[in-house]
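Peer 1: Provided below: query_0.cif, containing mmCIF, C-alpha atoms and all ligand atoms.
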data_protein
#
loop_
_atom_site.label_atom_id
_atom_site.label_comp_id
_atom_site.auth_asym_id
_atom_site.auth_seq_id
_atom_site.Cartn_x
_atom_site.Cartn_y
_atom_site.Cartn_z
CA MET K 121 73.16 63.15 104.01
CA ALA K 122 69.72 64.57 104.89
CA GLY K 123 71.39 66.37 107.77
CA LEU K 124 73.93 67.95 105.44
CA LEU K 125 71.18 69.11 103.08
CA LEU K 126 69.26 70.62 105.98
CA LEU K 127 72.41 72.38 107.14
CA ALA K 128 73.05 73.74 103.63
CA ALA K 129 69.44 74.93 103.38
CA ALA K 130 69.77 76.68 106.72
CA LEU K 131 73.06 78.34 105.80
CA ALA K 132 72.23 79.38 102.23
CA PRO K 133 70.06 82.41 103.07
CA ALA K 134 72.68 83.68 105.52
CA ALA K 135 75.40 83.29 102.90
CA LEU K 136 73.30 85.07 100.28
CA ALA K 137 72.47 87.90 102.66
CA GLY K 138 76.17 88.51 103.16
CA ASN K 139 76.66 87.71 99.45
CA GLY K 140 79.25 85.18 100.57
CA GLY K 141 81.94 87.84 100.51
CA PHE K 142 81.97 87.96 96.69
CA ALA K 143 80.29 91.32 96.11
CA PRO K 144 81.22 94.60 97.82
CA VAL K 145 79.70 95.21 101.26
CA SER K 146 76.55 97.34 101.30
CA PRO K 147 77.51 101.01 101.24
CA GLU K 148 76.56 103.03 104.34
CA SER K 149 77.95 106.41 103.27
CA PRO K 150 77.28 108.51 100.13
CA ASN K 151 80.88 108.21 98.86
CA ALA K 152 80.78 104.42 99.29
CA GLU K 153 77.45 104.38 97.40
CA ARG K 154 79.04 106.20 94.47
CA ILE K 155 81.96 103.79 94.46
CA ARG K 156 79.47 100.90 94.35
CA ASP K 157 77.54 102.58 91.47
CA THR K 158 80.79 102.84 89.52
CA TRP K 159 81.57 99.20 90.23
CA VAL K 160 78.13 98.15 88.97
CA PHE K 161 78.46 100.29 85.83
CA VAL K 162 81.87 98.87 84.93
CA SER K 163 80.66 95.34 85.75
CA ILE K 164 77.90 95.58 83.13
CA PHE K 165 80.53 95.90 80.38
CA ILE K 166 82.78 93.30 81.95
CA VAL K 167 79.99 90.72 82.06
CA ALA K 168 78.75 91.57 78.52
CA ILE K 169 82.27 91.27 77.06
CA PHE K 170 82.91 88.04 78.95
CA VAL K 171 79.69 86.48 77.60
CA LEU K 172 80.38 87.72 74.03
CA VAL K 173 83.94 86.35 74.00
CA GLU K 174 82.98 82.99 75.48
CA VAL K 175 80.03 82.53 73.10
CA LEU K 176 82.21 83.38 70.08
CA LEU K 177 84.95 81.07 71.33
CA VAL K 178 82.64 78.08 71.66
CA THR K 179 80.89 78.87 68.34
CA PHE K 180 84.17 79.10 66.44
CA ILE K 181 85.59 75.96 68.03
CA TRP K 182 82.47 74.08 66.93
CA ARG K 183 81.93 75.66 63.56
CA TYR K 184 85.53 75.55 62.32
CA ARG K 185 86.52 72.21 63.82
CA ARG K 186 88.68 70.04 61.64
CA GLN K 187 86.00 67.56 60.45
CA ARG K 188 87.31 65.66 57.41
CA ARG K 189 90.05 68.15 56.46
CA GLU K 190 93.58 66.75 56.44
CA ARG K 191 95.47 67.37 59.66
CA PHE K 192 98.09 69.74 58.14
CA GLU K 193 95.89 71.39 55.54
CA ASP K 194 95.25 75.12 56.23
CA GLY K 195 91.70 76.48 56.42
CA PRO K 196 90.60 79.34 54.13
CA GLN K 197 92.73 82.50 54.57
CA ILE K 198 90.67 85.70 54.91
CA HIS K 199 92.24 89.17 54.56
CA GLY K 200 90.59 92.49 55.38
CA SER K 201 87.03 93.21 56.47
CA THR K 202 86.35 96.94 56.81
CA ASN K 203 83.15 96.48 58.78
CA VAL K 204 84.60 94.08 61.31
CA GLU K 205 87.73 96.23 61.74
CA LEU K 206 85.66 99.39 62.26
CA MET K 207 83.51 97.58 64.78
CA TRP K 208 86.34 96.24 66.92
CA THR K 209 88.00 99.66 66.95
CA LEU K 210 84.97 101.81 67.62
CA ALA K 211 83.19 99.61 70.15
CA PRO K 212 86.10 99.66 72.69
CA VAL K 213 86.56 103.42 72.16
CA VAL K 214 82.89 104.07 72.89
CA ILE K 215 82.92 101.74 75.92
CA LEU K 216 86.03 103.39 77.37
CA PHE K 217 84.52 106.85 76.89
CA LEU K 218 81.33 105.75 78.62
CA ILE K 219 83.26 104.29 81.58
CA GLY K 220 85.57 107.31 81.78
CA GLY K 221 82.63 109.73 81.59
CA PHE K 222 80.73 107.88 84.32
CA VAL K 223 83.76 107.84 86.64
CA PHE K 224 84.44 111.57 86.16
CA TYR K 225 80.76 112.26 86.80
CA LYS K 226 80.88 110.32 90.10
CA LEU K 227 84.35 111.40 91.24
CA PRO K 228 83.56 114.75 92.90
CA GLY K 229 80.90 113.06 95.06
CA ILE K 230 83.51 110.51 96.16
CA ALA K 231 86.50 112.78 96.74
CA ASP K 232 85.05 116.12 97.87
CA VAL K 233 84.31 116.42 101.58
CA PRO K 234 80.90 118.00 102.24
CA SER K 235 81.11 120.94 104.66
CA ALA K 236 77.81 120.05 106.32
CA SER K 237 75.11 117.38 106.09
CA ALA K 238 71.87 117.94 104.17
CA SER K 239 70.16 118.76 107.47
CA GLY K 240 72.83 121.35 108.28
CA GLU K 241 74.89 119.37 110.82
CA GLU K 242 78.42 120.77 111.10
CA ARG K 243 81.06 118.31 110.03
CA LEU K 244 83.43 116.65 112.47
CA GLU K 245 87.21 116.58 111.90
CA VAL K 246 89.30 113.65 113.13
CA ARG K 247 93.02 113.12 112.69
CA VAL K 248 93.83 109.50 111.83
CA THR K 249 97.40 108.29 112.29
CA GLY K 250 98.50 104.90 111.01
CA ARG K 251 101.38 103.36 112.97
CA GLN K 252 102.95 99.94 113.30
CA PHE K 253 100.45 98.41 114.11
CA TYR K 254 97.57 100.54 115.31
CA TRP K 255 95.30 103.40 114.31
CA GLN K 256 95.20 106.48 116.51
CA TYR K 257 92.36 108.98 116.35
CA GLU K 258 92.52 112.53 117.68
CA TYR K 259 89.34 114.58 118.10
CA PRO K 260 89.10 118.39 118.05
CA ASN K 261 88.69 118.51 121.87
CA GLY K 262 91.92 116.56 122.38
CA ALA K 263 90.28 113.19 123.06
CA VAL K 264 92.20 110.18 121.77
CA ALA K 265 91.08 106.68 120.76
CA ILE K 266 92.87 103.63 119.41
CA ASP K 267 91.68 101.28 116.61
CA THR K 268 87.93 101.96 117.08
CA LEU K 269 86.80 105.32 115.75
CA ARG K 270 83.53 106.56 117.23
CA ALA K 271 81.51 108.88 115.05
CA PRO K 272 78.06 110.45 115.13
CA ALA K 273 75.34 109.29 112.71
CA GLY K 274 74.14 111.74 110.07
CA VAL K 275 77.18 114.01 110.37
CA PRO K 276 79.92 114.31 107.73
CA VAL K 277 83.25 113.23 109.23
CA ARG K 278 86.41 114.51 107.57
CA LEU K 279 89.49 112.38 108.22
CA GLU K 280 93.00 113.77 107.99
CA VAL K 281 95.07 110.66 107.43
CA THR K 282 98.79 110.52 108.08
CA ALA K 283 101.68 108.52 109.58
CA PRO K 284 104.68 109.61 111.67
CA ASP K 285 107.91 110.39 109.78
CA GLU K 286 109.71 107.34 111.17
CA ASP K 287 106.86 104.93 110.36
CA VAL K 288 105.82 103.20 107.11
CA ILE K 289 102.89 103.54 104.71
CA HIS K 290 99.53 102.17 105.88
CA SER K 291 96.15 102.39 104.20
CA TRP K 292 92.89 103.40 105.84
CA TRP K 293 89.96 101.37 104.54
CA ILE K 294 86.45 100.82 105.91
CA PRO K 295 84.73 99.35 102.82
CA ALA K 296 81.17 100.29 103.86
CA LEU K 297 82.23 103.89 104.40
CA GLY K 298 84.32 104.65 101.31
CA GLY K 299 87.48 103.85 99.42
CA LYS K 300 91.06 103.33 100.55
CA ILE K 301 93.30 106.22 101.42
CA ASP K 302 97.01 105.85 102.14
CA ALA K 303 98.49 106.97 105.47
CA ILE K 304 101.90 108.21 104.31
CA PRO K 305 104.72 109.30 106.67
CA GLY K 306 105.01 113.08 106.61
CA VAL K 307 102.07 113.55 104.25
CA THR K 308 98.45 114.32 105.10
CA THR K 309 95.71 112.93 102.88
CA GLU K 310 92.00 113.32 103.40
CA THR K 311 88.87 111.28 103.08
CA TRP K 312 85.43 111.37 104.65
CA PHE K 313 82.23 109.49 105.39
CA GLU K 314 78.73 110.23 106.54
CA ALA K 315 77.01 107.18 107.99
CA GLN K 316 73.25 107.38 108.46
CA ARG K 317 72.80 104.22 110.49
CA PRO K 318 74.41 103.53 113.87
CA GLY K 319 76.44 100.34 113.81
CA ILE K 320 79.96 98.97 113.71
CA TYR K 321 81.71 99.04 110.35
CA GLU K 322 84.82 96.90 110.06
CA GLY K 323 87.94 97.60 108.07
CA GLN K 324 91.57 96.66 107.77
CA CYS K 325 94.89 98.34 107.06
CA ALA K 326 95.18 97.77 103.30
CA GLU K 327 98.91 98.28 102.80
CA LEU K 328 101.41 95.58 103.77
CA CYS K 329 103.20 97.36 106.61
CA GLY K 330 105.12 94.70 108.49
CA LEU K 331 104.78 91.52 110.56
CA GLU K 332 101.50 92.44 112.25
CA HIS K 333 99.82 94.05 109.22
CA ALA K 334 97.06 91.43 109.24
CA ARG K 335 96.17 92.38 112.83
CA MET K 336 96.01 96.08 112.06
CA LEU K 337 92.23 96.11 112.04
CA ALA K 338 90.20 99.26 112.16
CA SER K 339 86.54 99.82 112.89
CA VAL K 340 84.16 102.72 112.97
CA GLU K 341 81.43 102.66 115.59
CA VAL K 342 78.67 105.00 114.49
CA LEU K 343 76.58 106.21 117.44
CA PRO K 344 73.41 108.32 117.56
CA ALA K 345 74.60 111.95 117.66
CA ASN K 346 73.74 112.54 121.35
CA GLU K 347 75.44 109.31 122.48
CA PHE K 348 78.51 110.31 120.53
CA ALA K 349 78.57 113.76 122.13
CA SER K 350 78.48 112.29 125.62
CA TRP K 351 81.16 109.71 124.76
CA LEU K 352 83.41 112.45 123.41
CA ALA K 353 82.94 114.66 126.46
CA LYS K 354 83.61 111.75 128.81
CA ARG K 355 86.63 110.48 126.88
CA GLU K 356 88.38 113.74 127.44
CA SER K 357 87.90 113.62 131.18
CA GLU K 358 89.90 111.79 133.86
CA GLN K 359 87.24 109.14 134.57
CA THR K 360 87.70 107.26 131.34
CA ARG K 361 91.50 107.26 131.41
CA VAL K 362 91.55 103.52 132.18
CA GLU K 363 89.29 102.90 129.17
CA LEU K 364 91.80 104.60 126.87
CA GLY K 365 94.59 102.68 128.62
CA GLU K 366 92.82 99.41 127.82
CA GLU K 367 92.52 100.41 124.16
CA GLU K 368 96.22 101.21 124.13
CA TRP K 369 97.14 97.91 125.76
CA GLN K 370 95.01 95.94 123.26
CA GLY K 371 95.85 97.98 120.19
CA VAL K 372 99.46 98.93 120.73
CA CYS K 373 101.09 96.41 123.11
CA ALA K 374 99.08 93.18 122.84
CA LYS K 375 99.35 92.74 119.06
CA CYS K 376 103.01 91.82 119.56
CA HIS K 377 103.22 90.83 123.26
CA GLY K 378 99.91 88.93 123.50
CA LEU K 379 96.65 89.97 125.13
CA SER K 380 97.73 88.56 128.51
CA GLY K 381 101.34 89.52 127.96
CA GLU K 382 102.06 85.86 127.17
CA GLY K 383 104.28 86.77 124.22
CA GLY K 384 103.84 86.47 120.47
CA ILE K 385 106.19 87.89 117.90
CA ALA K 386 107.59 89.88 120.83
CA PRO K 387 108.72 88.47 124.22
CA ARG K 388 106.47 87.51 127.13
CA ILE K 389 106.05 90.53 129.38
CA ALA K 390 103.53 89.27 131.93
CA GLY K 391 104.97 89.83 135.40
CA SER K 392 107.66 92.19 134.14
CA PRO K 393 108.46 94.88 136.72
CA VAL K 394 108.52 97.45 133.89
CA LEU K 395 104.71 97.22 133.55
CA THR K 396 104.13 98.61 137.03
CA ASP K 397 107.04 101.07 137.08
CA PRO K 398 105.66 104.25 135.48
CA GLN K 399 109.08 105.72 134.67
CA ALA K 400 110.53 102.57 133.13
CA LEU K 401 107.30 101.97 131.21
CA GLU K 402 107.20 105.50 129.82
CA GLU K 403 110.87 105.31 128.84
CA ILE K 404 110.47 102.08 126.84
CA VAL K 405 107.10 103.00 125.27
CA ARG K 406 108.27 106.43 124.17
CA ASN K 407 111.76 105.49 122.98
CA GLY K 408 111.71 101.78 122.28
CA ARG K 409 114.55 99.47 123.19
CA GLY K 410 116.48 96.98 121.06
CA GLU K 411 114.01 95.32 118.72
CA MET K 412 111.05 97.17 120.19
CA PRO K 413 110.07 100.25 118.20
CA ALA K 414 109.11 103.54 119.88
CA VAL K 415 105.38 102.72 119.67
CA GLY K 416 104.42 105.65 121.91
CA SER K 417 106.65 108.38 120.49
CA GLY K 418 104.71 111.60 120.38
CA TRP K 419 102.06 110.45 122.86
CA SER K 420 100.56 113.09 125.11
CA GLU K 421 100.99 112.92 128.90
CA GLU K 422 97.33 111.88 129.15
CA GLN K 423 97.87 108.96 126.78
CA MET K 424 100.88 107.81 128.77
CA ASP K 425 99.01 108.14 132.06
CA ALA K 426 96.14 106.13 130.61
CA LEU K 427 98.38 103.14 129.85
CA ILE K 428 100.06 103.40 133.26
CA ALA K 429 96.67 103.58 135.01
CA TYR K 430 95.30 100.60 133.09
CA LEU K 431 98.34 98.41 133.76
CA ARG K 432 98.24 99.30 137.44
CA GLU K 433 94.59 98.30 137.58
CA SER K 434 94.73 95.15 135.44
CA PRO K 435 98.27 93.88 134.99
CA PRO K 436 98.39 91.13 132.31
CA SER K 437 98.26 87.69 133.93
CA GLY K 438 100.28 85.78 131.36
CA SER K 439 97.64 83.18 130.44
CU1 LIG H 501 99.34 99.03 108.61
CU2 LIG H 501 99.17 97.21 107.11
#
Turn this file's structure into C-alpha cells for me.

Peer 2:
Amino acid sequence: MAGLLLLAAALAPAALAGNGGFAPVSPESPNAERIRDTWVFVSIFIVAIFVLVEVLLVTFIWRYRRQRRERFEDGPQIHGSTNVELMWTLAPVVILFLIGGFVFYKLPGIADVPSASASGEERLEVRVTGRQFYWQYEYPNGAVAIDTLRAPAGVPVRLEVTAPDEDVIHSWWIPALGGKIDAIPGVTTETWFEAQRPGIYEGQCAELCGLEHARMLASVEVLPANEFASWLAKRESEQTRVELGEEEWQGVCAKCHGLSGEGGIAPRIAGSPVLTDPQALEEIVRNGRGEMPAVGSGWSEEQMDALIAYLRESPPSGS
C-alpha cells in the first residue's frame, strides 16, 4: 500500500506536466497558440454554463421536492415571466456574439501564411502528400522525406497539402503546430507553422483512411536553421540515398509487410527474390499487384533507387 502511494506520488507530477492528455498540447507555433486561445475563451463559457445549470438543477430538486404533497397532485402552475424570458434569450445571443467575434478576430492569424518571420527569414515551402499509409514531403530543391518532416526553427513553413487522384482523404495534424488540414485527392490545401524551439512534434493522420490509418503517424523534427540547411543539402545528394530508402521501407512497406518483412496485414516478404531484383521491385512498387496498391506510383527515379539501395544493403531478415 505504502509502495503504491509512493508510486502515485512519483507519477503525479509527470502526469500533471503532460496534463494527463486531457488538455491540448502546449502550442509551439503562433497559429497553434491562437487555436489554444480560442479554446480557452470558449471553455470559460462552457464551464460557467455547466456550473450554472448543475447548481440550478440541484437547487430545484431540493427546493421543489415532493415533501408532504400528495403523489399525483400538481405543483403550482406558473405562466409568463418577461424578465426571465428576456434573460434566457439575450444571454445566449450575447455569448454567441462574443464567441463568434473572438473567433473571427483570431482567424486570420490562424489561416493566413506569413510571408516571412518577424526577423525577416524567408519562408520555406514544402509539398505534403498523404497516401495510404504514409506522408511524403517534397522540398524546393527536390529532396524527399517520408513520415518525418524536418524543418528549420524560427522560419515560417508553408505546407501545400494534397493526395494523389487515386488515393483517399487523409488529414494532416501536428497538434503543437496548428490545426488539422485535409489532404484531398486532386485538391491542394494549405497550412503553415513556425516553430521557435527545436524538437520533435508528433502527430497523426486524422481522417479514417483504411486498415493502417492508426499507423499513419507523422512528426515534425524542428532543427536549428543551420543544421536544417545541411540536412537538406545532404538529403538531395547521393550519399544519403540509403537513408531515404530506409524511411521508405519503414514508412511505405513495413506498415503492411512488417518491419522485418515478417508479414502483417500483407504477406511475409522476407527472403522474397523481388526485394533484391531492382526491375521486379520497381514494377510492383510502381504499379501494385493483386491486393497490393501502387504505393510508389509517381515516385522519382531517385526515390526508387533509394529503396533499391536500402534493400540491397539491409534486406529484411524476417524476424
Ligand atoms: Cu491517412 Cu488516416

Peer 1: Which of these residues is nearest to ligand LIG 501 (chain H), using all atoms listed in the file: K:Val340, K:Cys376, K:Ala283, K:Ala426?

Peer 2: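 Distance minimum relative to ligand LIG 501 (chain H) lands on K:Ala283.
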
Peer 1: Taking all atoms listed in the file into account, which residues have an atom no farther than 12 Å from ligand LIG 501 (chain H)? I'd like them as number ranges by chain.

Peer 2: K: 249-256, 267, 282-283, 287-293, 301-305, 323-338

Peer 1: Hey, which of K:Asp425, K:Glu403, K:Glu314, K:Glu366 ends up closest to Ala236 (chain K)? Count all atoms listed in the file.

Peer 2: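 Looking only at the distances to Ala236 (chain K), the closest residue turns out to be K:Glu314.
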
Peer 1: What is the CA of Trp312 (chain K) to CA of Val233 (chain K) distance in Å?

Peer 2: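 Interatomic distance, CA of Trp312 (chain K) to CA of Val233 (chain K): 6.0 Å.
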
Peer 1: So, counting only C-alpha atoms, which residue among K:Glu245, K:Asp194, K:Glu433, K:Glu148 is closest to Pro318 (chain K)?

Peer 2: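 Of all the options, K:Glu148 lies closest to Pro318 (chain K).
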
Peer 1: Report, in Å to a single decimal, how far apart CA of Glu286 (chain K) and CA of Gly306 (chain K) are.

Peer 2: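 Going from CA of Gly306 (chain K) over to CA of Glu286 (chain K), I get 8.7 Å.
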
Peer 1: Quick one: pull the distance between CA of Pro147 (chain K) and CA of Tyr225 (chain K), Å, one decimal.

Peer 2: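 So the two atoms, CA of Pro147 (chain K) and CA of Tyr225 (chain K), lie 18.6 Å apart.
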
Peer 1: Tell me which of K:Val204, K:Gln359, K:Glu367, K:Pro272 sits closest to Leu343 (chain K), counting only C-alpha atoms.

Peer 2: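 The closest residue to Leu343 (chain K) is K:Pro272.
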
Peer 1: Please determine, counting all atoms listed in the file, which residue among K:Gly378, K:Gly200, K:Gly229, K:Gly274 has the shortest atom-to-atom distance to Pro344 (chain K).

Peer 2: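 Comparing K:Gly378, K:Gly200, K:Gly229, K:Gly274 against Pro344 (chain K), the winner is K:Gly274.
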
Peer 1: Using all atoms listed in the file for the distances, tell me which of K:Ile155, K:Ile266, K:Leu244, K:Val342 is nearest to Phe222 (chain K).

Peer 2: K:Ile155

Peer 1: Within 7 Å of (92.3, 108.8, 111.7), in the coordinates the file gives, what residues turn up when you count all atoms listed in the file, written out as a ChimeraX atom specification?

Peer 2: /K:246-249,255-257,279-281

Peer 1: Show me the residues close to (80.1, 104.5, 95.3) - anything with an atom within 12 Å, counting all atoms listed in the file - and format the list as a ChimeraX atom specification.

Peer 2: /K:144-162,222-223,225-231,295-299,313

Peer 1: Generate the coordinates of all heavy atoms for region 273-284 of chain K; report them as a PDB file, in the frame of the given file.

Peer 2:
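Resulting contents of result.pdb:
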ATOM      1  N   ALA K 273      76.127 109.601 113.909  1.00  0.00           N
ATOM      2  CA  ALA K 273      75.340 109.290 112.710  1.00  0.00           C
ATOM      3  C   ALA K 273      74.836 110.592 112.088  1.00  0.00           C
ATOM      4  O   ALA K 273      74.576 111.566 112.801  1.00  0.00           O
ATOM      5  CB  ALA K 273      74.171 108.395 113.078  1.00  0.00           C
ATOM      6  N   GLY K 274      74.745 110.601 110.755  1.00  0.00           N
ATOM      7  CA  GLY K 274      74.140 111.740 110.070  1.00  0.00           C
ATOM      8  C   GLY K 274      75.001 112.993 110.034  1.00  0.00           C
ATOM      9  O   GLY K 274      74.503 114.073 109.721  1.00  0.00           O
ATOM     10  N   VAL K 275      76.277 112.855 110.373  1.00  0.00           N
ATOM     11  CA  VAL K 275      77.180 114.010 110.370  1.00  0.00           C
ATOM     12  C   VAL K 275      78.365 113.679 109.456  1.00  0.00           C
ATOM     13  O   VAL K 275      78.924 112.590 109.550  1.00  0.00           O
ATOM     14  CB  VAL K 275      77.700 114.304 111.804  1.00  0.00           C
ATOM     15  CG1 VAL K 275      78.752 115.387 111.799  1.00  0.00           C
ATOM     16  CG2 VAL K 275      76.541 114.666 112.712  1.00  0.00           C
ATOM     17  N   PRO K 276      78.738 114.595 108.545  1.00  0.00           N
ATOM     18  CA  PRO K 276      79.920 114.310 107.730  1.00  0.00           C
ATOM     19  C   PRO K 276      81.176 114.323 108.609  1.00  0.00           C
ATOM     20  O   PRO K 276      81.322 115.218 109.445  1.00  0.00           O
ATOM     21  CB  PRO K 276      79.963 115.469 106.725  1.00  0.00           C
ATOM     22  CG  PRO K 276      78.767 116.307 106.965  1.00  0.00           C
ATOM     23  CD  PRO K 276      78.152 115.910 108.273  1.00  0.00           C
ATOM     24  N   VAL K 277      82.013 113.313 108.455  1.00  0.00           N
ATOM     25  CA  VAL K 277      83.250 113.230 109.230  1.00  0.00           C
ATOM     26  C   VAL K 277      84.418 113.321 108.259  1.00  0.00           C
ATOM     27  O   VAL K 277      84.546 112.502 107.353  1.00  0.00           O
ATOM     28  CB  VAL K 277      83.334 111.900 110.022  1.00  0.00           C
ATOM     29  CG1 VAL K 277      84.604 111.871 110.861  1.00  0.00           C
ATOM     30  CG2 VAL K 277      82.103 111.728 110.902  1.00  0.00           C
ATOM     31  N   ARG K 278      85.231 114.363 108.436  1.00  0.00           N
ATOM     32  CA  ARG K 278      86.410 114.510 107.570  1.00  0.00           C
ATOM     33  C   ARG K 278      87.605 113.906 108.298  1.00  0.00           C
ATOM     34  O   ARG K 278      87.838 114.203 109.472  1.00  0.00           O
ATOM     35  CB  ARG K 278      86.671 115.978 107.281  1.00  0.00           C
ATOM     36  CG  ARG K 278      87.936 116.223 106.485  1.00  0.00           C
ATOM     37  CD  ARG K 278      88.060 117.685 106.093  1.00  0.00           C
ATOM     38  NE  ARG K 278      89.313 117.933 105.431  1.00  0.00           N
ATOM     39  CZ  ARG K 278      90.446 118.284 106.052  1.00  0.00           C
ATOM     40  NH1 ARG K 278      90.457 118.414 107.358  1.00  0.00           N
ATOM     41  NH2 ARG K 278      91.546 118.483 105.367  1.00  0.00           N
ATOM     42  N   LEU K 279      88.334 113.022 107.606  1.00  0.00           N
ATOM     43  CA  LEU K 279      89.490 112.380 108.220  1.00  0.00           C
ATOM     44  C   LEU K 279      90.755 112.919 107.591  1.00  0.00           C
ATOM     45  O   LEU K 279      90.902 112.918 106.364  1.00  0.00           O
ATOM     46  CB  LEU K 279      89.413 110.860 108.010  1.00  0.00           C
ATOM     47  CG  LEU K 279      88.153 110.159 108.510  1.00  0.00           C
ATOM     48  CD1 LEU K 279      88.177 108.694 108.108  1.00  0.00           C
ATOM     49  CD2 LEU K 279      88.013 110.301 110.017  1.00  0.00           C
ATOM     50  N   GLU K 280      91.655 113.399 108.441  1.00  0.00           N
ATOM     51  CA  GLU K 280      93.000 113.770 107.990  1.00  0.00           C
ATOM     52  C   GLU K 280      93.871 112.572 108.290  1.00  0.00           C
ATOM     53  O   GLU K 280      94.087 112.232 109.447  1.00  0.00           O
ATOM     54  CB  GLU K 280      93.514 114.956 108.801  1.00  0.00           C
ATOM     55  CG  GLU K 280      93.086 116.281 108.262  1.00  0.00           C
ATOM     56  CD  GLU K 280      93.789 117.424 108.983  1.00  0.00           C
ATOM     57  OE1 GLU K 280      94.607 117.174 109.884  1.00  0.00           O
ATOM     58  OE2 GLU K 280      93.491 118.566 108.626  1.00  0.00           O
ATOM     59  N   VAL K 281      94.377 111.926 107.240  1.00  0.00           N
ATOM     60  CA  VAL K 281      95.070 110.660 107.430  1.00  0.00           C
ATOM     61  C   VAL K 281      96.572 110.842 107.230  1.00  0.00           C
ATOM     62  O   VAL K 281      97.000 111.401 106.216  1.00  0.00           O
ATOM     63  CB  VAL K 281      94.522 109.607 106.437  1.00  0.00           C
ATOM     64  CG1 VAL K 281      95.191 108.262 106.661  1.00  0.00           C
ATOM     65  CG2 VAL K 281      93.001 109.481 106.580  1.00  0.00           C
ATOM     66  N   THR K 282      97.337 110.358 108.190  1.00  0.00           N
ATOM     67  CA  THR K 282      98.790 110.520 108.080  1.00  0.00           C
ATOM     68  C   THR K 282      99.511 109.397 108.827  1.00  0.00           C
ATOM     69  O   THR K 282      98.868 108.498 109.376  1.00  0.00           O
ATOM     70  CB  THR K 282      99.215 111.908 108.620  1.00  0.00           C
ATOM     71  OG1 THR K 282     100.586 112.133 108.300  1.00  0.00           O
ATOM     72  CG2 THR K 282      99.029 111.991 110.125  1.00  0.00           C
ATOM     73  N   ALA K 283     100.849 109.452 108.808  1.00  0.00           N
ATOM     74  CA  ALA K 283     101.680 108.520 109.580  1.00  0.00           C
ATOM     75  C   ALA K 283     102.906 109.290 110.043  1.00  0.00           C
ATOM     76  O   ALA K 283     103.298 110.260 109.392  1.00  0.00           O
ATOM     77  CB  ALA K 283     102.077 107.317 108.716  1.00  0.00           C
ATOM     78  N   PRO K 284     103.492 108.899 111.195  1.00  0.00           N
ATOM     79  CA  PRO K 284     104.680 109.610 111.670  1.00  0.00           C
ATOM     80  C   PRO K 284     105.852 109.449 110.696  1.00  0.00           C
ATOM     81  O   PRO K 284     105.919 108.450 109.970  1.00  0.00           O
ATOM     82  CB  PRO K 284     105.004 108.926 113.006  1.00  0.00           C
ATOM     83  CG  PRO K 284     103.791 108.153 113.365  1.00  0.00           C
ATOM     84  CD  PRO K 284     103.112 107.809 112.085  1.00  0.00           C
TER      85      PRO K 284
END
